[in-house]
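Asks: Next up is a structure, given as structure tokens.
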Amino acid sequence: MSPVRRIGLIGAGWVTQHHLAGWAALKDRAEVVAIADPSAERRAARAQAFDIPRTYADAGAMLAAGGLDAIDIAAPRAAHAELVRLAADRGLPILCQKPLAPTLAEAEALVAAVEGRARLMVHENWRFRAHYREAAAWLRAGAIGQPFAARLELVTSGTLPDAAGQFPALERQPFMRDEARMLVAEVLIHHLDTLRMLLGPLRVTACATGQTCPDLAGEDTALIQLSGPGGAAVQVFATFAAHGAPAASPDRLEILGPVGAIRLQGSELSMTGRETRTRAFDLAAIYAESYAAAIAHFIDRLDDGSPFETAPADNLETLRLVEDCYRLAGRAEAR
């Protein structure tokens with residue numbers, strides 16, 4: 001049996017509660033033994049909640065102290081490239097939150113810089129959600145034939161003021177306020193990556209974005225048209241500014257094939273046509289479990305040496321779609 005790996009976590013922000021719960025689910029295989037974050041309050045709170053023995057104000061100091069077998073980077077995306085390079089300098093395996101860098105060009109430079117020096121996996125947990133893994137299994141089995149069309153929607157009121165005059169999406173994740181690339185780069189990057197996992201290679205053919213929220217630097221609405229294998233027509237529509245919609249809402253997905261269709265509506269995944277299947281999921285549970293599943297994949301591949309599903313080369317393809325969205329929307333200069 002492999003020894004328990006000692007993990008250093010960089011970052012103590014909102015998302016790290018889910019990272020740490022995911023690591024805790026694998027406590028017989030890995031343990032977070034150190035955490036670094038500039039905020040003394042945040043890192044102390046995470047250390048206390050998850051029994052992390054060592055805390056640092058600086059990631060470099062944590063790395064210099066040693067005693068680590070791998071690094072989990074969950075810091076703001078603007079810092080990803082620098083932190084990945086620091087960990088790669090010590091030859092440590094790295095799990096880095098998406099995206100690798102704010103732009104495709106920066107990510108490509110980073111991948112070239114660390115190639116052959118350290119094992120690197122992008123933490124893209126959306127595709128590890130159980131309902132998407134089940135849909136992928138149905139597609140791989142040919143249950144609906146070769147898809148010819150797909151549509152994915154995310155519609156919320158997260159950037160509309162609530163009864164207290166606050167914007168729910170920005171209260172949940174305040175950093176979004178200042179992101180010039182917001183909805184596509186921060187949220188729909190998950191959906192584009194998942195569609196790639198489900199359908200295969202995609203190409204963006206058109207994109208339009210809009211902004212309604214005065215507290216945002218970036219977009220809160222996007223319509224993306226893509227072309228998939230065999231000329232499949234694929235559409236992604238998302239808005240955080242829909243009156244009457246909930247402040248947070250699950251994805252809606254429809255994939256059409258010549259002999260059937262797959263639909264995800266709320267907690268229910270269904271297939272109709274040549275076969276009929278229905279599965280219900282606990283959305284809160286599979287959200288939490290997706291972090292543990294991505295982390296388990298990282299540890300599995302470290303154990304067996306085989307490639308990561310979300311290796312840098314794969315993630316660059318998703319970042320290429322994001323870059324094309326901004327270019328076709330006339331916002332390539334947004335950073």
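Each chain of the structure tokens is named A, B, ... in the order shown, its residues numbered from 1; ligands are numbered from 1 in display order.
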So that I can check the surroundings of range 222-226 of chain A, please list as a compact mmCIF listing (two decimals) with N, CA and C atoms, in the first residue's frame every protein, DNA and RNA residue that reaches within 9 Å of it, counting only C-alpha atoms and ignoring chain neighbours fewer than 5 positions away.

Replies:
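As written to disk, selection35.txt reads:
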```
# COMPACT_ATOMS: atom_id res chain seq x y z
N LEU A 183 -18.02 35.82 -17.04
CA LEU A 183 -18.93 34.69 -17.20
C LEU A 183 -18.30 33.55 -18.01
N VAL A 184 -17.70 33.87 -19.15
CA VAL A 184 -17.12 32.82 -19.99
C VAL A 184 -15.87 32.24 -19.33
N LEU A 188 -18.41 29.62 -17.55
CA LEU A 188 -18.70 28.77 -18.70
C LEU A 188 -17.49 27.96 -19.17
N LEU A 202 -14.44 20.59 -30.19
CA LEU A 202 -15.40 21.63 -30.54
C LEU A 202 -14.68 22.83 -31.13
N ARG A 203 -15.43 23.61 -31.91
CA ARG A 203 -14.90 24.84 -32.48
C ARG A 203 -15.94 25.93 -32.31
N VAL A 204 -15.52 27.10 -31.78
CA VAL A 204 -16.44 28.22 -31.61
C VAL A 204 -16.64 28.90 -32.95
N THR A 205 -17.91 29.05 -33.34
CA THR A 205 -18.21 29.72 -34.62
C THR A 205 -18.78 31.12 -34.42
N ALA A 206 -19.34 31.39 -33.26
CA ALA A 206 -19.88 32.73 -32.98
C ALA A 206 -20.05 32.89 -31.48
N CYS A 207 -19.95 34.13 -31.01
CA CYS A 207 -20.16 34.41 -29.59
C CYS A 207 -20.60 35.86 -29.41
N ALA A 208 -21.58 36.06 -28.55
CA ALA A 208 -22.00 37.40 -28.18
C ALA A 208 -22.07 37.46 -26.66
N THR A 209 -21.62 38.55 -26.08
CA THR A 209 -21.66 38.71 -24.63
C THR A 209 -22.34 40.02 -24.27
N GLY A 210 -22.86 40.10 -23.06
CA GLY A 210 -23.50 41.32 -22.60
C GLY A 210 -23.27 41.54 -21.12
N ALA A 232 -21.91 18.67 -35.80
CA ALA A 232 -22.95 18.83 -34.79
C ALA A 232 -23.10 20.29 -34.39
N ALA A 233 -24.35 20.74 -34.26
CA ALA A 233 -24.64 22.11 -33.84
C ALA A 233 -24.75 22.15 -32.32
N VAL A 234 -23.92 22.97 -31.69
CA VAL A 234 -23.85 23.03 -30.22
C VAL A 234 -24.03 24.47 -29.78
N GLN A 235 -24.84 24.68 -28.76
CA GLN A 235 -25.11 26.02 -28.26
C GLN A 235 -24.97 26.06 -26.74
N VAL A 236 -24.36 27.12 -26.24
CA VAL A 236 -24.30 27.39 -24.81
C VAL A 236 -24.92 28.76 -24.58
N PHE A 237 -25.95 28.81 -23.72
CA PHE A 237 -26.55 30.09 -23.36
C PHE A 237 -26.51 30.23 -21.85
N ALA A 238 -26.04 31.38 -21.38
CA ALA A 238 -25.98 31.61 -19.94
C ALA A 238 -26.23 33.07 -19.64
N THR A 239 -26.95 33.31 -18.55
CA THR A 239 -27.11 34.66 -18.04
C THR A 239 -27.27 34.60 -16.54
N CYS A 325 -14.05 32.63 -27.84
CA CYS A 325 -15.29 33.30 -27.46
C CYS A 325 -15.08 34.80 -27.34
```

Asks: Please report as a Markdown table every residue of range 172-269 of chain A lying within 12 Å of range 122-139 of chain A, along with the nearest atom pair and their distance in Å (one decimal), using only C-alpha atoms.

Replies:
```
| residue | atom | partner | partner_atom | distance |
| --- | --- | --- | --- | --- |
| A:Glu186 | CA | A:Glu124 | CA | 11.6 |
| A:Val187 | CA | A:Trp126 | CA | 10.2 |
| A:Leu188 | CA | A:Trp126 | CA | 10.3 |
| A:Ile189 | CA | A:Glu124 | CA | 9.2 |
| A:His190 | CA | A:Trp126 | CA | 5.8 |
| A:His191 | CA | A:Trp126 | CA | 7.5 |
| A:Leu192 | CA | A:Arg127 | CA | 9.8 |
| A:Asp193 | CA | A:Arg127 | CA | 7.1 |
| A:Thr194 | CA | A:Arg127 | CA | 4.9 |
| A:Leu195 | CA | A:Arg127 | CA | 8.5 |
| A:Arg196 | CA | A:Arg127 | CA | 9.3 |
| A:Met197 | CA | A:Arg127 | CA | 7.1 |
| A:Leu198 | CA | A:Ala136 | CA | 5.3 |
| A:Leu199 | CA | A:Leu139 | CA | 8.2 |
| A:Gly200 | CA | A:Ala136 | CA | 10.6 |
| A:Pro250 | CA | A:His131 | CA | 11.6 |
| A:Asp251 | CA | A:Tyr132 | CA | 10.6 |
| A:Arg252 | CA | A:Tyr132 | CA | 11.3 |
| A:Leu253 | CA | A:Tyr132 | CA | 9.8 |
| A:Glu254 | CA | A:Ala135 | CA | 10.5 |
| A:Ile255 | CA | A:Ala135 | CA | 9.5 |
| A:Leu256 | CA | A:Leu139 | CA | 10.6 |
| A:Gly257 | CA | A:Leu139 | CA | 9.5 |
| A:Val259 | CA | A:Leu139 | CA | 11.6 |
| A:Gly260 | CA | A:Leu139 | CA | 10.3 |
| A:Ala261 | CA | A:Leu139 | CA | 9.9 |
| A:Ile262 | CA | A:Ala135 | CA | 7.3 |
| A:Arg263 | CA | A:Ala135 | CA | 8.8 |
| A:Leu264 | CA | A:His131 | CA | 8.0 |
| A:Gln265 | CA | A:His131 | CA | 10.6 |
| A:Gly266 | CA | A:His131 | CA | 10.5 |
| A:Ser267 | CA | A:His131 | CA | 8.5 |
| A:Glu268 | CA | A:His131 | CA | 8.4 |
| A:Leu269 | CA | A:His131 | CA | 6.7 |
```

Asks: For Gly158 in chain A, work out the shell of residues within 7 Å, counting only C-alpha atoms and skipping chain neighbours fewer than 2 positions away, then give it as a list of chain:residue names.

Replies: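 Non-adjacent residues within range: A:Thr156, A:Leu160, A:Phe167, A:Pro168, A:Ala169, A:Phe240, A:Ala241, A:Ala247, A:Ala248.
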
Asks: Those residues you just picked out, can you put them in a file as a PDB file, in the first residue's frame with N, CA, C and O atoms?

Replies:
```pdb
ATOM      1  N   THR A 156     -29.729  32.256 -14.247  1.00  0.00           N
ATOM      2  CA  THR A 156     -29.935  32.646 -12.849  1.00  0.00           C
ATOM      3  C   THR A 156     -30.195  34.152 -12.762  1.00  0.00           C
ATOM      4  O   THR A 156     -30.117  34.876 -13.759  1.00  0.00           O
ATOM      5  N   LEU A 160     -28.611  40.273 -10.427  1.00  0.00           N
ATOM      6  CA  LEU A 160     -29.694  41.226 -10.200  1.00  0.00           C
ATOM      7  C   LEU A 160     -29.792  41.496  -8.697  1.00  0.00           C
ATOM      8  O   LEU A 160     -29.568  40.592  -7.887  1.00  0.00           O
ATOM      9  N   PHE A 167     -26.092  41.694  -4.802  1.00  0.00           N
ATOM     10  CA  PHE A 167     -26.034  40.812  -5.962  1.00  0.00           C
ATOM     11  C   PHE A 167     -25.591  39.423  -5.483  1.00  0.00           C
ATOM     12  O   PHE A 167     -24.427  39.249  -5.101  1.00  0.00           O
ATOM     13  N   PRO A 168     -26.487  38.429  -5.458  1.00  0.00           N
ATOM     14  CA  PRO A 168     -26.182  37.132  -4.839  1.00  0.00           C
ATOM     15  C   PRO A 168     -24.919  36.462  -5.368  1.00  0.00           C
ATOM     16  O   PRO A 168     -24.136  35.922  -4.582  1.00  0.00           O
ATOM     17  N   ALA A 169     -24.708  36.485  -6.672  1.00  0.00           N
ATOM     18  CA  ALA A 169     -23.531  35.814  -7.228  1.00  0.00           C
ATOM     19  C   ALA A 169     -22.242  36.465  -6.749  1.00  0.00           C
ATOM     20  O   ALA A 169     -21.226  35.789  -6.541  1.00  0.00           O
ATOM     21  N   PHE A 240     -26.722  35.584 -15.858  1.00  0.00           N
ATOM     22  CA  PHE A 240     -26.919  35.746 -14.418  1.00  0.00           C
ATOM     23  C   PHE A 240     -27.913  36.873 -14.151  1.00  0.00           C
ATOM     24  O   PHE A 240     -28.043  37.318 -13.021  1.00  0.00           O
ATOM     25  N   ALA A 241     -28.621  37.337 -15.202  1.00  0.00           N
ATOM     26  CA  ALA A 241     -29.452  38.537 -15.072  1.00  0.00           C
ATOM     27  C   ALA A 241     -30.892  38.281 -15.513  1.00  0.00           C
ATOM     28  O   ALA A 241     -31.525  39.146 -16.114  1.00  0.00           O
ATOM     29  N   ALA A 247     -31.476  32.635  -7.749  1.00  0.00           N
ATOM     30  CA  ALA A 247     -30.141  33.227  -7.680  1.00  0.00           C
ATOM     31  C   ALA A 247     -29.065  32.230  -8.072  1.00  0.00           C
ATOM     32  O   ALA A 247     -27.991  32.600  -8.537  1.00  0.00           O
ATOM     33  N   ALA A 248     -29.334  30.961  -7.869  1.00  0.00           N
ATOM     34  CA  ALA A 248     -28.439  29.887  -8.308  1.00  0.00           C
ATOM     35  C   ALA A 248     -29.300  28.812  -8.934  1.00  0.00           C
ATOM     36  O   ALA A 248     -30.403  28.522  -8.456  1.00  0.00           O
TER      37      ALA A 248
END
```

Asks: So which one's closest to Ala294 in chain A, A:Asp282, A:Glu309, A:Asp89, A:Glu323? Using only C-alpha atoms, please.

Replies: A:Glu309

Asks: Tell me which of A:Ile52, A:Leu9, A:Ala34, A:Ala47 sits closest to Ile73 in chain A, counting only C-alpha atoms.

Replies: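 Going through A:Ile52, A:Leu9, A:Ala34, A:Ala47 one by one, the smallest distance to Ile73 in chain A is for A:Leu9.
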
Asks: To test your reading of the structure, identify every residue in range 73-191 of chain A that backbone DSSP assigns to strand (DSSP E or B), and report it as number ranges by chain.

Replies: A: 73, 94-97, 120-123, 149-155

Asks: With only C-alpha atoms as the basis for distance, which of A:Lys98, A:Arg151, A:Arg177, A:Arg119 is at the shortest distance from Phe308 in chain A?

Replies: A:Arg119
